[in-house]
Amino acid sequence: MTATVLLIDRNPLRSGSVETWTLNDPASRNALSEAMVDALLAACERAAADADLRGVVLRGAGGHFCAGGSLGGFSKTIGQPLAAGEADPLVPLNRRFGTLLQALCALPQWFIVAVEGAAMGGGFGLVCCADQVLAHRGAQFATPEVTLGIVPAQIAPFVVRRLGPPAARRCLLTGERWDAAAALRLGLVDDVVEGDMDAAVRAAIARHAAAAPQAVAATKRLLLAQPETPLPALLDEAAIAFSQALRGPEAPQGLAAFAARKAPPWSAKP
């Protein structure tokens, strides 16, 4: 089942590897089923422990990124109240998607999302976890949950983190649809791709491949801690990360390469 809903392709870099994870249920426009969420969580768990992996690219099959959460498994519960004292099985199912969003944000590798077609609801949430978002000029983005009488529950904190409160309120409370240009203007997208997405992904990988992997992982930990950690504690943690990097193996290599006007050993085009 994992291979059916999530395709993983691994390609070598000069130092390490990069993986492309492809959401693979084109018939549903890659809607987030339980199986797909489980497959992505398993991929995140493996990637977090993979010292050779430099980066991850997330894409969708069949011309669309992700149409949002699949409600197929919830069909019998829609409109049905719980019996008195009954635990609601929908709560842990929904919360599991939030666990996935946390895991994507916490990946120690750089994480690129490439959007073609629709990125709706939960797919919009996946986009908000990226370090860099590429969007084809024909891409469409929306969080239509409130227009359907549903709450965008798990994605809301990640949308706020990505966009800031004003733009997050605008999309979460109206469900309005954004094209790629609007998504770029509002901060959801970093680059709009006019031509070939494959070429744009390769160029993005090449830019990120110039960064040292241990430095990337440490920097991402600081970025992830920033909203929740009091500033003095965050600066203490940052000072420790700086000293560890300077004393570790990457800084001598990077500084020596800079002085010699050469590329560091981890820097390479794919």
# chains A, B, ... in the order shown; residues from 1 in each chain; ligands from 1

call {"tool": "closest_atom_pairs", "arguments": {"of": "region 69-169 of chain A", "to": "region 46-62 of chain A", "cutoff": "7 Å", "atoms": "only C-alpha atoms", "output": "Markdown table"}}
result
| residue | atom | partner | partner_atom | distance |
| --- | --- | --- | --- | --- |
| A:Leu107 | CA | A:Ala48 | CA | 5.9 |
| A:Pro108 | CA | A:Ala48 | CA | 6.2 |
| A:Gln109 | CA | A:Gly55 | CA | 4.8 |
| A:Trp110 | CA | A:Gly55 | CA | 4.8 |
| A:Phe111 | CA | A:Val56 | CA | 4.9 |
| A:Ile112 | CA | A:Val57 | CA | 4.7 |
| A:Val113 | CA | A:Leu58 | CA | 4.8 |
| A:Ala114 | CA | A:Arg59 | CA | 5.3 |
| A:Val115 | CA | A:Arg59 | CA | 6.4 |

call {"tool": "residues_around", "arguments": {"residues": "region 95-106 of chain A", "least_positions_apart": "2", "cutoff": "7 Å", "atoms": "only C-alpha atoms", "output": "list in words"}}
result
Val37, Leu41, Cys44, Val91, Pro92, Leu93, Pro108, Leu126, Cys129, Ala130 and Gln154 of chain A

call {"tool": "select_by_dssp", "arguments": {"residues": "region 60-206 of chain A", "states": "alpha helix (DSSP H)", "output": "VMD selection string"}}
result
chain A and resid 90 to 105 122 to 127 156 to 163 165 to 174 180 to 185 197 to 206

call {"tool": "residues_around", "arguments": {"residues": "Leu163 (chain A)", "least_positions_apart": "4", "cutoff": "9 Å", "atoms": "only C-alpha atoms", "output": "list in words"}}
result
Cys128, Phe158, Val159, Ala167, Ala168, Leu186, Gly187 and Leu188 of chain A

call {"tool": "closest_residue", "arguments": {"among": "A:Arg207, A:Lys220, A:Arg137, A:Arg10", "to": "Ala180 (chain A)", "atoms": "only C-alpha atoms"}}
result
A:Arg137

call {"tool": "select_by_dssp", "arguments": {"residues": "region 27-244 of chain A", "states": "strand (DSSP E)", "output": "ChimeraX atom specification"}}
result
/A:53-60,110-115,118-120,132-136,140-142,178-179,191-193

call {"tool": "write_last_selection", "arguments": {"atoms": "N, CA, C and O atoms", "output": "compact mmCIF listing (two decimals), in the first residue's frame"}}
result
# COMPACT_ATOMS: atom_id res chain seq x y z
N LEU A 53 21.15 11.47 3.72
CA LEU A 53 20.12 12.17 2.95
C LEU A 53 20.29 13.67 3.12
O LEU A 53 20.28 14.19 4.24
N ARG A 54 20.43 14.39 2.01
CA ARG A 54 20.67 15.84 2.05
C ARG A 54 19.38 16.64 1.93
O ARG A 54 19.28 17.75 2.46
N GLY A 55 18.42 16.13 1.16
CA GLY A 55 17.21 16.91 0.92
C GLY A 55 16.06 16.05 0.47
O GLY A 55 16.23 14.92 0.02
N VAL A 56 14.85 16.63 0.59
CA VAL A 56 13.62 15.96 0.19
C VAL A 56 12.81 16.91 -0.68
O VAL A 56 12.67 18.10 -0.35
N VAL A 57 12.28 16.40 -1.78
CA VAL A 57 11.37 17.14 -2.65
C VAL A 57 10.02 16.42 -2.61
O VAL A 57 9.96 15.21 -2.81
N LEU A 58 8.95 17.16 -2.35
CA LEU A 58 7.60 16.59 -2.32
C LEU A 58 6.81 17.11 -3.51
O LEU A 58 6.71 18.32 -3.72
N ARG A 59 6.23 16.16 -4.27
CA ARG A 59 5.45 16.50 -5.46
C ARG A 59 4.17 15.66 -5.49
O ARG A 59 3.98 14.77 -4.67
N GLY A 60 3.33 15.92 -6.47
CA GLY A 60 2.13 15.14 -6.67
C GLY A 60 2.10 14.55 -8.06
O GLY A 60 2.61 15.15 -9.01
N TRP A 110 16.93 19.91 4.04
CA TRP A 110 16.10 20.90 3.38
C TRP A 110 14.94 20.21 2.68
O TRP A 110 15.05 19.09 2.19
N PHE A 111 13.80 20.90 2.67
CA PHE A 111 12.53 20.31 2.23
C PHE A 111 11.89 21.25 1.22
O PHE A 111 11.50 22.37 1.54
N ILE A 112 11.83 20.79 -0.02
CA ILE A 112 11.27 21.57 -1.13
C ILE A 112 9.92 20.98 -1.52
O ILE A 112 9.79 19.76 -1.66
N VAL A 113 8.92 21.83 -1.70
CA VAL A 113 7.63 21.39 -2.20
C VAL A 113 7.43 22.01 -3.58
O VAL A 113 7.61 23.22 -3.76
N ALA A 114 7.07 21.19 -4.55
CA ALA A 114 6.82 21.64 -5.93
C ALA A 114 5.35 21.40 -6.24
O ALA A 114 4.90 20.26 -6.26
N VAL A 115 4.61 22.48 -6.48
CA VAL A 115 3.16 22.41 -6.64
C VAL A 115 2.77 22.62 -8.09
O VAL A 115 3.10 23.65 -8.70
N ALA A 118 -3.69 21.61 -8.11
CA ALA A 118 -4.36 22.02 -6.88
C ALA A 118 -3.55 21.69 -5.64
O ALA A 118 -2.97 20.61 -5.54
N ALA A 119 -3.54 22.63 -4.69
CA ALA A 119 -3.04 22.39 -3.34
C ALA A 119 -4.11 22.93 -2.40
O ALA A 119 -4.14 24.12 -2.08
N MET A 120 -5.00 22.06 -1.96
CA MET A 120 -6.19 22.46 -1.23
C MET A 120 -6.19 21.86 0.18
O MET A 120 -5.70 20.75 0.39
N GLN A 132 11.28 25.66 0.96
CA GLN A 132 11.12 26.41 -0.29
C GLN A 132 9.94 25.84 -1.04
O GLN A 132 9.79 24.62 -1.15
N VAL A 133 9.09 26.74 -1.57
CA VAL A 133 7.90 26.33 -2.32
C VAL A 133 8.02 26.84 -3.75
O VAL A 133 8.15 28.04 -3.98
N LEU A 134 7.98 25.90 -4.68
CA LEU A 134 7.90 26.22 -6.11
C LEU A 134 6.46 25.97 -6.55
O LEU A 134 5.88 24.95 -6.21
N ALA A 135 5.91 26.88 -7.32
CA ALA A 135 4.55 26.71 -7.82
C ALA A 135 4.51 26.98 -9.31
O ALA A 135 5.01 28.03 -9.76
N HIS A 136 3.95 26.05 -10.06
CA HIS A 136 3.74 26.32 -11.48
C HIS A 136 2.73 27.46 -11.62
O HIS A 136 1.86 27.64 -10.77
N GLN A 140 -3.16 26.29 -8.09
CA GLN A 140 -4.26 26.91 -7.35
C GLN A 140 -4.17 26.49 -5.88
O GLN A 140 -3.92 25.32 -5.59
N PHE A 141 -4.41 27.43 -4.98
CA PHE A 141 -4.29 27.18 -3.55
C PHE A 141 -5.56 27.65 -2.83
O PHE A 141 -6.10 28.72 -3.15
N ALA A 142 -6.02 26.87 -1.86
CA ALA A 142 -7.16 27.30 -1.06
C ALA A 142 -7.27 26.43 0.19
O ALA A 142 -6.78 25.30 0.23
N TRP A 178 -6.44 31.14 -4.31
CA TRP A 178 -5.33 31.96 -4.78
C TRP A 178 -4.68 31.30 -5.97
O TRP A 178 -4.46 30.09 -5.99
N ASP A 179 -4.34 32.11 -6.98
CA ASP A 179 -3.48 31.59 -8.04
C ASP A 179 -2.03 31.72 -7.58
O ASP A 179 -1.73 32.20 -6.48
N ASP A 191 8.74 30.86 -5.36
CA ASP A 191 9.07 31.04 -6.78
C ASP A 191 7.93 30.53 -7.64
O ASP A 191 7.41 29.42 -7.39
N VAL A 192 7.54 31.31 -8.63
CA VAL A 192 6.56 30.88 -9.62
C VAL A 192 7.30 30.38 -10.85
O VAL A 192 8.18 31.09 -11.38
N VAL A 193 6.98 29.18 -11.28
CA VAL A 193 7.68 28.52 -12.39
C VAL A 193 6.85 28.70 -13.65
O VAL A 193 5.71 28.23 -13.73

call {"tool": "residues_around", "arguments": {"residues": "Ser267 (chain A)", "least_positions_apart": "4", "cutoff": "8 Å", "atoms": "only C-alpha atoms", "output": "JSON, numbers by chain"}}
result
{"A": [14, 15, 209, 210, 211, 212, 263]}

call {"tool": "write_last_selection", "arguments": {"atoms": "all heavy atoms", "output": "PDB file, in the first residue's frame"}}
result
ATOM      1  N   ARG A  14      26.859  14.762  -5.026  1.00  0.00           N
ATOM      2  CA  ARG A  14      28.292  14.516  -4.830  1.00  0.00           C
ATOM      3  C   ARG A  14      28.558  14.045  -3.396  1.00  0.00           C
ATOM      4  O   ARG A  14      29.392  13.182  -3.146  1.00  0.00           O
ATOM      5  CB  ARG A  14      29.067  15.798  -5.126  1.00  0.00           C
ATOM      6  CG  ARG A  14      30.563  15.669  -4.924  1.00  0.00           C
ATOM      7  CD  ARG A  14      31.232  16.980  -5.272  1.00  0.00           C
ATOM      8  NE  ARG A  14      32.632  16.986  -4.897  1.00  0.00           N
ATOM      9  CZ  ARG A  14      33.405  18.048  -4.984  1.00  0.00           C
ATOM     10  NH1 ARG A  14      32.908  19.185  -5.427  1.00  0.00           N
ATOM     11  NH2 ARG A  14      34.673  17.996  -4.630  1.00  0.00           N
ATOM     12  N   SER A  15      27.863  14.621  -2.454  1.00  0.00           N
ATOM     13  CA  SER A  15      27.975  14.221  -1.051  1.00  0.00           C
ATOM     14  C   SER A  15      26.580  13.939  -0.544  1.00  0.00           C
ATOM     15  O   SER A  15      25.815  14.853  -0.263  1.00  0.00           O
ATOM     16  CB  SER A  15      28.639  15.334  -0.230  1.00  0.00           C
ATOM     17  OG  SER A  15      28.599  15.031   1.138  1.00  0.00           O
ATOM     18  N   ALA A 209      22.127  22.489  -2.322  1.00  0.00           N
ATOM     19  CA  ALA A 209      23.255  21.573  -2.172  1.00  0.00           C
ATOM     20  C   ALA A 209      24.539  22.290  -1.782  1.00  0.00           C
ATOM     21  O   ALA A 209      25.511  21.658  -1.378  1.00  0.00           O
ATOM     22  CB  ALA A 209      23.477  20.786  -3.470  1.00  0.00           C
ATOM     23  N   ALA A 210      24.568  23.620  -1.877  1.00  0.00           N
ATOM     24  CA  ALA A 210      25.742  24.379  -1.450  1.00  0.00           C
ATOM     25  C   ALA A 210      25.845  24.486   0.068  1.00  0.00           C
ATOM     26  O   ALA A 210      26.874  24.897   0.596  1.00  0.00           O
ATOM     27  CB  ALA A 210      25.704  25.780  -2.059  1.00  0.00           C
ATOM     28  N   ALA A 211      24.775  24.115   0.782  1.00  0.00           N
ATOM     29  CA  ALA A 211      24.748  24.263   2.239  1.00  0.00           C
ATOM     30  C   ALA A 211      25.217  22.980   2.917  1.00  0.00           C
ATOM     31  O   ALA A 211      24.861  21.875   2.498  1.00  0.00           O
ATOM     32  CB  ALA A 211      23.339  24.608   2.695  1.00  0.00           C
ATOM     33  N   ALA A 212      25.998  23.134   3.982  1.00  0.00           N
ATOM     34  CA  ALA A 212      26.522  21.979   4.712  1.00  0.00           C
ATOM     35  C   ALA A 212      25.397  21.284   5.478  1.00  0.00           C
ATOM     36  O   ALA A 212      24.608  21.946   6.157  1.00  0.00           O
ATOM     37  CB  ALA A 212      27.603  22.434   5.678  1.00  0.00           C
ATOM     38  N   ALA A 263      34.906  24.976  -4.191  1.00  0.00           N
ATOM     39  CA  ALA A 263      33.626  24.527  -3.623  1.00  0.00           C
ATOM     40  C   ALA A 263      33.900  23.600  -2.444  1.00  0.00           C
ATOM     41  O   ALA A 263      34.818  22.771  -2.509  1.00  0.00           O
ATOM     42  CB  ALA A 263      32.800  23.808  -4.673  1.00  0.00           C
TER      43      ALA A 263
END
